[in-house]
>>> print(open('run.cif').read())   # mmCIF, C-alpha atoms
data_target
loop_
_atom_site.label_atom_id
_atom_site.label_comp_id
_atom_site.auth_asym_id
_atom_site.auth_seq_id
_atom_site.Cartn_x
_atom_site.Cartn_y
_atom_site.Cartn_z
CA MET R 463 63.83 23.21 70.31
CA THR R 464 61.79 25.43 72.61
CA LYS R 465 59.44 27.76 70.78
CA PHE R 466 58.61 31.22 72.13
CA SER R 467 55.42 33.10 71.40
CA PRO R 468 55.83 36.27 69.33
CA PHE R 469 54.88 38.36 72.42
CA LEU R 470 57.47 36.61 74.63
CA THR R 471 60.10 37.07 71.94
CA PHE R 472 59.25 40.79 71.85
CA LEU R 473 59.66 41.04 75.64
CA LEU R 474 63.02 39.29 75.52
CA LEU R 475 64.24 41.65 72.83
CA LEU R 476 62.94 44.64 74.75
CA THR R 477 64.54 43.74 78.09
CA PRO R 478 68.09 44.93 77.30
CA ALA R 479 66.68 48.26 76.10
CA VAL R 480 64.68 48.66 79.30
CA VAL R 481 67.71 47.89 81.43
CA PHE R 482 69.78 50.33 79.38
CA ALA R 483 67.16 53.06 79.78
CA GLN R 484 67.09 52.51 83.53
CA LYS R 485 70.89 52.77 83.71
CA LYS R 486 70.69 56.08 81.86
CA SER R 487 69.06 57.77 84.87
CA PRO R 488 71.83 60.05 86.10
CA ASN R 489 73.42 60.14 89.48
CA ILE R 490 72.97 63.46 91.29
CA VAL R 491 75.62 65.33 93.28
CA PHE R 492 74.16 68.52 94.75
CA ILE R 493 76.75 70.78 96.41
CA LEU R 494 75.48 73.74 98.42
CA ALA R 495 78.19 76.08 99.71
CA ASP R 496 77.36 78.01 102.89
CA ASP R 497 77.47 81.83 102.67
CA MET R 498 79.25 81.93 99.32
CA GLY R 499 78.01 84.64 96.99
CA ARG R 500 78.78 84.55 93.29
CA GLU R 501 81.64 87.04 93.76
CA CYS R 502 83.65 84.31 95.52
CA ILE R 503 84.06 82.17 92.40
CA GLY R 504 86.77 82.82 89.80
CA ALA R 505 84.37 82.03 86.97
CA TYR R 506 82.26 84.99 88.11
CA GLY R 507 85.23 87.35 88.26
CA SER R 508 86.64 86.73 91.72
CA THR R 509 90.33 86.91 92.61
CA TYR R 510 89.92 83.89 94.93
CA LYS R 511 91.45 80.64 93.67
CA THR R 512 88.71 78.21 92.62
CA PRO R 513 90.24 76.18 89.75
CA ASN R 514 88.03 73.10 90.13
CA ILE R 515 84.78 75.03 90.20
CA ASP R 516 86.01 77.25 87.37
CA LYS R 517 86.76 74.18 85.27
CA LEU R 518 83.31 72.79 86.05
CA ALA R 519 81.88 76.07 84.70
CA LYS R 520 84.15 76.03 81.66
CA GLU R 521 83.13 72.49 80.71
CA GLY R 522 79.55 72.69 81.98
CA LEU R 523 76.98 75.48 82.19
CA LYS R 524 77.33 78.64 84.26
CA PHE R 525 74.06 80.33 85.19
CA ASN R 526 74.54 84.08 85.56
CA TYR R 527 71.19 84.61 87.26
CA GLY R 528 70.68 82.02 90.00
CA PHE R 529 68.73 83.17 93.05
CA ALA R 530 68.52 81.70 96.55
CA GLN R 531 66.96 83.26 99.64
CA PRO R 532 69.05 85.78 101.60
CA LEU R 533 69.55 83.41 104.57
CA CYS R 534 70.44 79.75 105.03
CA THR R 535 67.37 78.00 106.48
CA PRO R 536 64.86 79.76 104.21
CA THR R 537 66.94 78.64 101.22
CA ARG R 538 67.27 75.04 102.41
CA VAL R 539 63.54 74.73 103.03
CA GLN R 540 62.80 76.20 99.60
CA LEU R 541 65.19 74.10 97.54
CA MET R 542 64.42 70.83 99.30
CA THR R 543 60.63 71.18 99.01
CA GLY R 544 60.22 73.24 95.84
CA LYS R 545 57.88 75.70 97.57
CA TYR R 546 57.94 79.41 98.19
CA ASN R 547 58.52 80.13 101.86
CA TYR R 548 55.06 81.60 102.52
CA LYS R 549 53.65 78.07 102.11
CA ASN R 550 55.83 76.04 104.46
CA TYR R 551 58.43 78.11 106.34
CA SER R 552 57.62 78.43 110.04
CA GLN R 553 60.85 79.20 111.89
CA PHE R 554 64.59 79.54 111.41
CA GLY R 555 66.38 76.22 111.96
CA HIS R 556 63.27 74.14 111.28
CA LEU R 557 61.67 72.28 108.38
CA ASN R 558 58.02 71.52 109.04
CA GLN R 559 57.80 67.78 109.48
CA ASP R 560 54.79 67.29 107.20
CA GLN R 561 56.88 68.32 104.19
CA LYS R 562 58.23 66.18 101.38
CA THR R 563 61.66 66.70 99.82
CA PHE R 564 63.65 65.85 96.71
CA ALA R 565 65.16 62.97 98.70
CA HIS R 566 61.70 61.37 98.96
CA LEU R 567 61.43 61.57 95.17
CA ALA R 568 64.87 60.01 94.83
CA LYS R 569 63.83 57.10 97.05
CA GLU R 570 60.72 56.58 94.93
CA ALA R 571 62.92 56.51 91.83
CA GLY R 572 65.16 53.82 93.32
CA TYR R 573 68.08 56.04 94.30
CA ALA R 574 70.32 55.61 97.33
CA THR R 575 70.39 58.90 99.24
CA ALA R 576 72.83 60.58 101.61
CA ILE R 577 73.39 64.01 103.14
CA ALA R 578 76.62 65.33 104.66
CA GLY R 579 77.50 68.74 106.05
CA LYS R 580 75.27 71.31 107.71
CA TRP R 581 71.74 70.35 108.78
CA GLN R 582 69.97 73.14 110.71
CA LEU R 583 66.47 71.82 109.94
CA GLY R 584 65.42 70.41 113.31
CA ALA R 585 67.04 68.97 116.44
CA ASN R 586 66.31 65.25 116.22
CA ASN R 587 68.59 62.63 114.65
CA LYS R 588 65.59 60.78 113.21
CA LEU R 589 64.88 63.68 110.88
CA PRO R 590 67.33 62.93 108.03
CA LYS R 591 65.67 59.55 107.45
CA HIS R 592 62.22 61.11 107.92
CA PHE R 593 63.03 63.56 105.12
CA GLY R 594 64.25 60.86 102.75
CA PHE R 595 67.96 60.30 103.43
CA ASP R 596 69.26 56.77 103.90
CA GLN R 597 72.37 57.94 105.71
CA TYR R 598 73.88 61.13 107.06
CA CYS R 599 76.95 62.83 108.48
CA LEU R 600 75.87 66.19 109.89
CA TRP R 601 76.72 69.15 112.04
CA GLN R 602 73.98 70.97 113.98
CA LEU R 603 71.60 68.04 113.88
CA ASP R 604 70.98 67.08 117.50
CA LYS R 605 73.71 69.13 119.19
CA PRO R 606 73.61 72.95 119.23
CA ARG R 607 76.34 75.13 117.84
CA ARG R 608 77.36 76.29 121.30
CA ASP R 609 78.43 72.70 122.09
CA GLY R 610 80.85 72.50 119.17
CA GLU R 611 81.75 74.06 115.85
CA ARG R 612 82.03 72.58 112.37
CA TYR R 613 85.73 73.11 111.66
CA ALA R 614 88.71 72.08 113.84
CA LYS R 615 87.64 69.47 116.42
CA PRO R 616 84.09 69.40 115.03
CA LEU R 617 80.91 68.16 116.68
CA ILE R 618 79.45 65.77 114.12
CA ASP R 619 76.69 63.16 114.21
CA LYS R 620 77.45 60.33 111.80
CA ASP R 621 74.52 57.95 111.38
CA GLY R 622 73.53 58.27 115.03
CA GLU R 623 77.05 58.30 116.47
CA ILE R 624 78.68 61.46 117.81
CA LEU R 625 82.23 61.36 116.49
CA LYS R 626 85.11 61.71 118.94
CA ALA R 627 87.10 64.43 117.23
CA THR R 628 90.56 65.77 118.06
CA ASP R 629 92.17 69.15 117.35
CA ASP R 630 93.60 67.67 114.15
CA ASP R 631 90.21 66.65 112.78
CA TYR R 632 88.61 69.08 110.36
CA GLY R 633 84.88 68.94 109.76
CA PRO R 634 84.89 69.64 106.01
CA ASP R 635 87.31 66.72 105.53
CA ILE R 636 84.99 64.40 107.44
CA PHE R 637 82.01 65.51 105.37
CA VAL R 638 83.67 65.20 101.97
CA ASN R 639 85.18 61.81 102.84
CA TYR R 640 81.74 60.61 103.85
CA MET R 641 80.40 61.72 100.46
CA LEU R 642 83.27 59.98 98.67
CA ASP R 643 82.62 56.73 100.54
CA PHE R 644 78.90 56.95 99.75
CA ILE R 645 79.62 57.49 96.05
CA GLU R 646 82.06 54.57 96.01
CA LYS R 647 79.57 52.28 97.74
CA ASN R 648 76.82 53.13 95.26
CA LYS R 649 78.88 53.39 92.07
CA ASN R 650 76.99 50.54 90.41
CA GLY R 651 73.55 51.89 91.24
CA LYS R 652 71.86 55.29 91.26
CA PHE R 653 72.49 57.82 93.99
CA LEU R 654 71.62 61.29 95.22
CA ALA R 655 74.47 62.83 97.20
CA TYR R 656 73.37 66.06 98.86
CA TYR R 657 76.37 67.96 100.20
CA PRO R 658 75.38 71.14 102.08
CA MET R 659 78.93 72.22 102.87
CA ALA R 660 80.01 73.69 106.21
CA LEU R 661 82.37 76.09 104.43
CA VAL R 662 82.59 79.14 104.16
CA HIS R 663 80.32 80.26 107.00
CA ASP R 664 81.79 82.18 109.94
CA PRO R 665 83.67 81.75 112.22
CA PHE R 666 86.48 82.39 109.76
CA TYR R 667 88.92 79.79 111.04
CA PRO R 668 92.12 78.51 109.40
CA THR R 669 91.96 75.41 107.21
CA PRO R 670 94.50 72.55 107.20
CA ASP R 671 96.05 74.28 104.17
CA SER R 672 96.48 77.59 106.00
CA LYS R 673 100.04 78.53 106.98
CA SER R 674 99.09 78.82 110.65
CA TRP R 675 97.39 75.41 110.95
CA LYS R 676 100.43 73.47 112.14
CA SER R 677 102.20 76.25 114.01
CA ASP R 678 99.24 77.60 115.98
CA VAL R 679 96.89 74.88 117.24
CA ALA R 680 95.01 77.29 119.52
CA GLY R 681 94.58 79.62 116.55
CA ARG R 682 92.48 76.99 114.80
CA GLN R 683 89.62 78.25 116.97
CA LYS R 684 90.21 81.97 116.35
CA SER R 685 88.15 83.77 113.73
CA ASP R 686 89.83 86.17 111.32
CA THR R 687 88.45 87.38 107.98
CA LEU R 688 91.96 86.94 106.57
CA ASN R 689 91.24 83.19 106.62
CA PHE R 690 88.31 83.58 104.25
CA ARG R 691 90.40 83.26 101.10
CA ASP R 692 91.78 79.93 102.40
CA MET R 693 88.25 78.75 103.23
CA VAL R 694 87.10 79.41 99.68
CA ALA R 695 90.14 77.57 98.31
CA TYR R 696 89.44 74.60 100.59
CA SER R 697 85.84 74.48 99.41
CA ASP R 698 87.10 74.30 95.85
CA LYS R 699 89.58 71.58 96.82
CA ASN R 700 86.76 69.42 98.19
CA VAL R 701 84.64 69.97 95.09
CA GLY R 702 87.66 68.78 93.10
CA LYS R 703 87.87 65.61 95.20
CA ILE R 704 84.28 64.72 94.36
CA ILE R 705 84.77 65.38 90.65
CA GLN R 706 87.92 63.25 90.62
CA LYS R 707 86.18 60.41 92.47
CA LEU R 708 83.41 60.37 89.87
CA LYS R 709 85.98 60.22 87.10
CA ASP R 710 88.06 57.53 88.80
CA LEU R 711 84.94 55.37 89.16
CA GLY R 712 83.94 55.91 85.54
CA ILE R 713 80.59 57.49 86.42
CA TYR R 714 81.36 61.17 85.80
CA GLU R 715 79.73 61.17 82.37
CA ASN R 716 76.37 60.14 83.80
CA THR R 717 76.36 62.30 86.91
CA ILE R 718 74.66 65.68 87.17
CA ILE R 719 76.78 67.93 89.37
CA ILE R 720 75.14 71.06 90.75
CA PHE R 721 77.25 73.63 92.59
CA THR R 722 75.58 76.64 94.17
CA GLY R 723 75.40 78.73 97.35
CA ASP R 724 72.66 79.18 99.93
CA ASN R 725 72.78 83.00 100.12
CA GLY R 726 75.09 85.98 99.82
CA THR R 727 78.52 86.09 101.43
CA GLY R 728 78.83 87.07 105.08
CA ARG R 729 78.71 90.84 105.48
CA PRO R 730 82.14 91.20 107.17
CA ILE R 731 83.75 89.94 103.94
CA VAL R 732 84.83 92.31 101.16
CA THR R 733 85.92 90.45 98.05
CA PRO R 734 88.36 91.93 95.51
CA MET R 735 87.40 91.25 91.91
CA LYS R 736 89.58 90.80 88.83
CA ASN R 737 88.27 94.03 87.33
CA GLY R 738 89.56 96.03 90.29
CA SER R 739 86.22 96.49 92.03
CA THR R 740 85.20 95.04 95.39
CA VAL R 741 81.98 93.37 96.52
CA LYS R 742 80.77 93.53 100.10
CA GLY R 743 78.97 90.46 101.38
CA GLY R 744 75.18 90.82 101.42
CA LYS R 745 73.97 87.87 103.51
CA GLY R 746 70.54 88.51 105.01
CA LEU R 747 69.76 91.43 102.68
CA THR R 748 67.17 91.37 99.91
CA ILE R 749 69.36 93.42 97.56
CA ASP R 750 71.12 91.61 94.72
CA ARG R 751 74.25 90.62 96.65
CA GLY R 752 72.10 89.02 99.34
CA HIS R 753 70.42 86.38 97.16
CA HIS R 754 72.28 86.29 93.81
CA VAL R 755 74.42 83.16 94.05
CA PRO R 756 76.75 81.08 91.89
CA LEU R 757 75.05 78.27 90.02
CA ILE R 758 77.11 75.89 87.91
CA VAL R 759 75.81 72.61 86.50
CA ASN R 760 77.48 69.87 84.49
CA TRP R 761 76.31 66.57 83.06
CA GLY R 762 79.30 64.88 81.45
CA SER R 763 81.72 66.05 78.75
CA GLY R 764 81.06 67.67 75.41
CA ARG R 765 77.38 68.35 76.00
CA TYR R 766 77.32 72.14 75.84
CA LYS R 767 77.64 74.34 72.74
CA THR R 768 77.71 77.41 74.99
CA HIS R 769 78.88 77.43 78.57
CA GLU R 770 76.90 80.21 80.18
CA THR R 771 73.33 81.42 80.21
CA ASP R 772 71.35 84.40 81.45
CA ASN R 773 68.27 82.25 82.16
CA LEU R 774 66.66 83.12 85.48
CA ILE R 775 66.70 80.28 88.02
CA ASP R 776 64.75 80.28 91.27
CA PHE R 777 65.60 77.80 94.04
CA THR R 778 62.06 76.38 93.88
CA ASP R 779 63.24 75.06 90.50
CA MET R 780 65.67 72.58 92.05
CA LEU R 781 63.14 69.93 93.12
CA PRO R 782 61.26 69.65 89.79
CA THR R 783 64.57 69.64 87.91
CA LEU R 784 65.89 66.74 89.98
CA ALA R 785 62.55 64.96 89.67
CA GLU R 786 62.66 65.13 85.88
CA ALA R 787 66.27 63.98 85.85
CA MET R 788 65.40 61.01 88.06
CA GLN R 789 62.33 60.25 85.91
CA VAL R 790 59.80 60.56 88.70
CA LYS R 791 56.72 62.79 88.90
CA VAL R 792 56.14 65.35 91.63
CA PRO R 793 52.71 64.61 93.16
CA ALA R 794 50.23 67.42 92.51
CA GLU R 795 49.24 67.44 96.18
CA TRP R 796 52.73 68.59 97.11
CA ASP R 797 51.72 72.01 95.73
CA THR R 798 55.20 72.95 94.51
CA ASP R 799 56.10 76.16 92.70
CA GLY R 800 59.24 75.58 90.64
CA HIS R 801 59.90 74.86 86.98
CA SER R 802 62.36 72.26 85.73
CA PHE R 803 65.46 73.54 84.00
CA LEU R 804 66.64 70.05 83.04
CA PRO R 805 66.48 70.95 79.32
CA GLN R 806 69.17 73.59 79.90
CA ILE R 807 71.22 71.04 81.85
CA LYS R 808 70.92 68.75 78.83
CA GLY R 809 72.28 71.53 76.64
CA GLU R 810 68.88 72.40 75.17
CA LYS R 811 67.02 75.72 75.10
CA GLY R 812 64.27 74.91 77.59
CA LYS R 813 61.58 77.39 78.66
CA PRO R 814 63.31 80.14 80.64
CA ARG R 815 61.52 82.02 83.39
CA ASP R 816 60.23 85.53 82.79
CA TRP R 817 60.83 86.58 86.43
CA ILE R 818 61.60 85.16 89.86
CA PHE R 819 59.65 85.65 93.08
CA SER R 820 60.89 85.77 96.66
CA HIS R 821 59.00 85.68 99.93
CA TYR R 822 61.63 86.27 102.58
CA GLN R 823 60.59 86.10 106.23
CA PRO R 824 63.47 84.64 108.29
CA ILE R 825 61.64 84.40 111.66
CA HIS R 826 65.01 84.64 113.33
CA SER R 827 66.44 87.55 115.30
CA GLU R 828 64.97 91.04 115.46
CA ALA R 829 67.77 92.34 113.22
CA ALA R 830 67.21 89.61 110.61
CA ASN R 831 63.44 89.98 110.68
CA LYS R 832 63.71 93.66 109.76
CA GLN R 833 64.74 92.51 106.29
CA SER R 834 61.51 90.56 105.69
CA ALA R 835 60.10 91.36 102.27
CA ARG R 836 58.25 90.01 99.27
CA PHE R 837 59.34 90.91 95.73
CA ILE R 838 59.45 89.98 92.05
CA ARG R 839 62.42 90.71 89.79
CA ASP R 840 63.98 89.95 86.46
CA HIS R 841 67.39 90.93 85.05
CA HIS R 842 66.50 94.61 84.88
CA PHE R 843 63.67 95.56 87.25
CA LYS R 844 62.44 94.71 90.74
CA LEU R 845 59.14 95.37 92.53
CA TYR R 846 58.53 94.92 96.26
CA SER R 847 55.05 94.19 97.58
CA ASP R 848 55.10 97.55 99.42
CA GLY R 849 55.38 99.34 96.07
CA ARG R 850 59.12 100.06 95.91
CA PHE R 851 60.34 99.68 92.34
CA TYR R 852 63.96 99.68 91.18
CA ASP R 853 65.88 99.79 87.94
CA LEU R 854 68.62 97.29 88.81
CA GLU R 855 70.80 98.19 85.83
CA LYS R 856 71.12 101.72 87.17
CA ASP R 857 70.72 101.09 90.90
CA ILE R 858 71.82 97.59 91.93
CA GLU R 859 72.09 98.68 95.57
CA GLU R 860 68.44 99.85 95.55
CA LYS R 861 69.08 103.31 96.94
CA ASN R 862 66.61 105.22 94.76
CA PRO R 863 63.13 103.76 94.19
CA VAL R 864 61.54 104.80 90.92
CA ALA R 865 58.19 106.54 91.28
CA GLU R 866 55.21 105.28 89.30
CA GLY R 867 55.28 106.61 85.77
CA LYS R 868 58.98 107.47 85.91
CA ALA R 869 60.59 104.16 84.89
CA GLY R 870 60.27 104.61 81.11
CA ALA R 871 58.11 102.53 78.79
CA ALA R 872 59.92 99.23 79.44
CA GLY R 873 60.05 99.79 83.19
CA GLU R 874 56.39 100.72 83.53
CA LYS R 875 55.39 97.70 81.46
CA ARG R 876 57.33 95.42 83.81
CA ARG R 877 55.91 97.19 86.85
CA LYS R 878 52.38 96.30 85.69
CA VAL R 879 53.35 92.68 85.03
CA PHE R 880 54.90 92.36 88.47
CA GLN R 881 51.97 94.08 90.17
CA ALA R 882 49.58 91.63 88.52
CA GLU R 883 51.66 88.63 89.62
CA LEU R 884 51.92 89.84 93.23
CA ALA R 885 48.16 90.39 93.29
CA LYS R 886 47.63 86.67 92.60
CA LEU R 887 49.35 85.69 95.86
CA PRO R 888 47.79 85.36 99.30
CA PRO R 889 48.00 88.77 101.00
CA TRP R 890 51.01 89.45 103.21
CA LYS R 891 52.47 92.49 104.90
CA PHE R 892 55.55 93.16 106.98
CA GLY R 893 55.00 91.95 110.53
CA ASP R 894 52.58 89.15 109.67
CA PRO R 895 53.28 85.88 111.53
CA GLY R 896 54.76 82.86 109.80
CA ILE R 897 52.84 79.67 109.20
CA PRO R 898 52.27 77.28 112.16
CA LYS R 899 55.16 75.07 113.15
CA VAL R 900 54.58 71.36 112.47
CA ILE R 901 56.21 68.76 114.75
CA LEU R 902 55.15 65.13 114.47
CA PRO R 903 55.02 62.58 117.33
CA GLY R 904 58.42 60.98 117.90
CA LEU R 905 60.27 63.78 116.12
CA GLU R 906 60.16 66.36 118.87
CA PRO R 907 63.30 68.54 119.05
CA ASP R 908 65.58 68.64 122.05
CA PRO R 909 64.21 71.62 124.08
CA ALA R 910 67.81 72.60 124.97
CA PHE R 911 68.52 73.16 121.26
CA ALA R 912 67.57 76.80 120.82
CA ASP R 913 70.51 78.30 118.97
CA LYS R 914 69.98 81.12 116.48
CA ALA R 915 73.63 82.09 116.11
CA ASP R 916 73.56 81.28 112.38
#
>>> encode(input="run.cif", output="structure tokens")
Amino acid sequence: MTKFSPFLTFLLLLTPAVVFAQKKSPNIVFILADDMGRECIGAYGSTYKTPNIDKLAKEGLKFNYGFAQPLCTPTRVQLMTGKYNYKNYSQFGHLNQDQKTFAHLAKEAGYATAIAGKWQLGANNKLPKHFGFDQYCLWQLDKPRRDGERYAKPLIDKDGEILKATDDDYGPDIFVNYMLDFIEKNKNGKFLAYYPMALVHDPFYPTPDSKSWKSDVAGRQKSDTLNFRDMVAYSDKNVGKIIQKLKDLGIYENTIIIFTGDNGTGRPIVTPMKNGSTVKGGKGLTIDRGHHVPLIVNWGSGRYKTHETDNLIDFTDMLPTLAEAMQVKVPAEWDTDGHSFLPQIKGEKGKPRDWIFSHYQPIHSEAANKQSARFIRDHHFKLYSDGRFYDLEKDIEEKNPVAEGKAGAAGEKRRKVFQAELAKLPPWKFGDPGIPKVILPGLEPDPAFADKAD
């Protein structure tokens, strides 16, 4: 009979536990809706139909204070790199090519990675892999928006191949099916599925579920804000498809699902709420409705004693949260700014933020750039770097700045805290240039791709 040393016996006994621990690393599905403020979701009081997302909130954890940037590219750069925009944001539609992302961390942790939906981070089809994604299915990657839209008859690059789409093809269907196939293919391993949705950004076109889809083919390319309600419903439908796929494969219980939005709703949209009020879209604005977004997270069934929280979440928090979930450390040299909220995702208390900070400098059009600002806020108060101070409970639209000494004891205390925090940052004033643009050899963008329509 073969004899094993005590140490070898210990290793053999340990091996199943190690394998089990490795299998416990959760899959990640990160869904980022485009131009969908919190007022669009039923769980936040909307009249729009979002049953799948609402159920995710009911069974998971709804964050009442999640904050993106007021515009799409600044948000995407921030959440993917975990840095405030003053450190690494150089231009709209571009992610500096010396940056590292949460997909790089996923690769280090042994995850398969994929991205599907809207890109808008540089015009070169080598970039998804450069930024850590094994595979991709993207709109606005190496073809500009003027060459083709994202909805009916979309212009999509799928792993280096431009798809030949017809009038009956619908971009959001292509993207979600790509995600479903990726999840199926990697069901026995670990995966990060990043799904920056095309919906619900303008143009406000009909969906395949709209009444006019079959009867008016030409109308599939005509924008009308009346289609917005259908676009929200279709977004919810696709979220439901992903949830159902996870359940069908038996991996739902060990998958972290994050649903959020990249900024406020488009300004032409006015959303009716269940309480009888309306909310006008605030995209591009630094007021609350410009950067206050839905944020719903779930990790399996029966985890949460309560299903909503007022914890403040900043989009720099996404990268460290995913890193902790994937059991990989963020290198110190990455110089990130966020704080992990994985404890809250686990159903624990965690260490909530005291405030959130935003450096918003879109470097886009003249109209967009006028909104550039730097500020700190919490649930109640907000201070801009130019000295404007607001009591958000009384003045959510920020029409009446509160003079120094006039905000009451609590307000003046917060003003001093915020002033001290802003003073720690590198100086910045309106009109200052952004940081230098970084383009690496072999990753140069197509010079014809100069589209700022988003």
>>> resolve_selection(input="run.cif", expression="the PyMOL selection byres ((chain R and resi 621) around 7)", output="list in words")
Gln597, Tyr598, Cys599, Asp619, Lys620, Gly622 and Glu623 of chain R
>>> resolve_selection(input="run.cif", expression="the PyMOL selection byres ((chain R and resi 653) around 6)", output="PyMOL selection string")
chain R and resi 489+573-575+652+654
>>> write_last_selection(input="run.cif", atoms="C-alpha atoms", output="PDB file, keeping the file's coordinate frame")
ATOM      1  CA  ASN R 489      73.420  60.140  89.480  1.00  0.00           C
ATOM      2  CA  TYR R 573      68.080  56.040  94.300  1.00  0.00           C
ATOM      3  CA  ALA R 574      70.320  55.610  97.330  1.00  0.00           C
ATOM      4  CA  THR R 575      70.390  58.900  99.240  1.00  0.00           C
ATOM      5  CA  LYS R 652      71.860  55.290  91.260  1.00  0.00           C
ATOM      6  CA  LEU R 654      71.620  61.290  95.220  1.00  0.00           C
TER       7      LEU R 654
END
>>> closest_residue(input="run.cif", among="R:Leu642, R:Ala576, R:Gly584, R:Pro805", to="R:Ser552", atoms="all atoms listed in the file")
R:Gly584
>>> atom_distance(input="run.cif", atom1="atom CA of R:His821", atom2="atom CA of R:Arg751")
16.4 Å
>>> resolve_selection(input="run.cif", expression="the PyMOL selection byres ((chain R and resi 678-689) around 12)", output="ChimeraX atom specification")
/R:510,610-616,628-632,661-677,690-696,727-733,743
>>> atom_distance(input="run.cif", atom1="atom CA of R:Gln602", atom2="atom CA of R:Asn514")
27.8 Å
>>> residues_around(input="run.cif", residues="R:His754", least_positions_apart="4", cutoff="9 Å", atoms="all atoms listed in the file", output="list of chain:residue names")
R:Gly499, R:Arg500, R:Asn526, R:Tyr527, R:Gly528, R:Phe529, R:Ala530, R:Gln531, R:Pro532, R:Gly723, R:Asn725, R:Gly726, R:Ile749, R:Asp750
>>> closest_residue(input="run.cif", among="R:Gly746, R:Asp643, R:Thr798, R:Gln706", to="R:Gln561", atoms="all atoms listed in the file")
R:Thr798
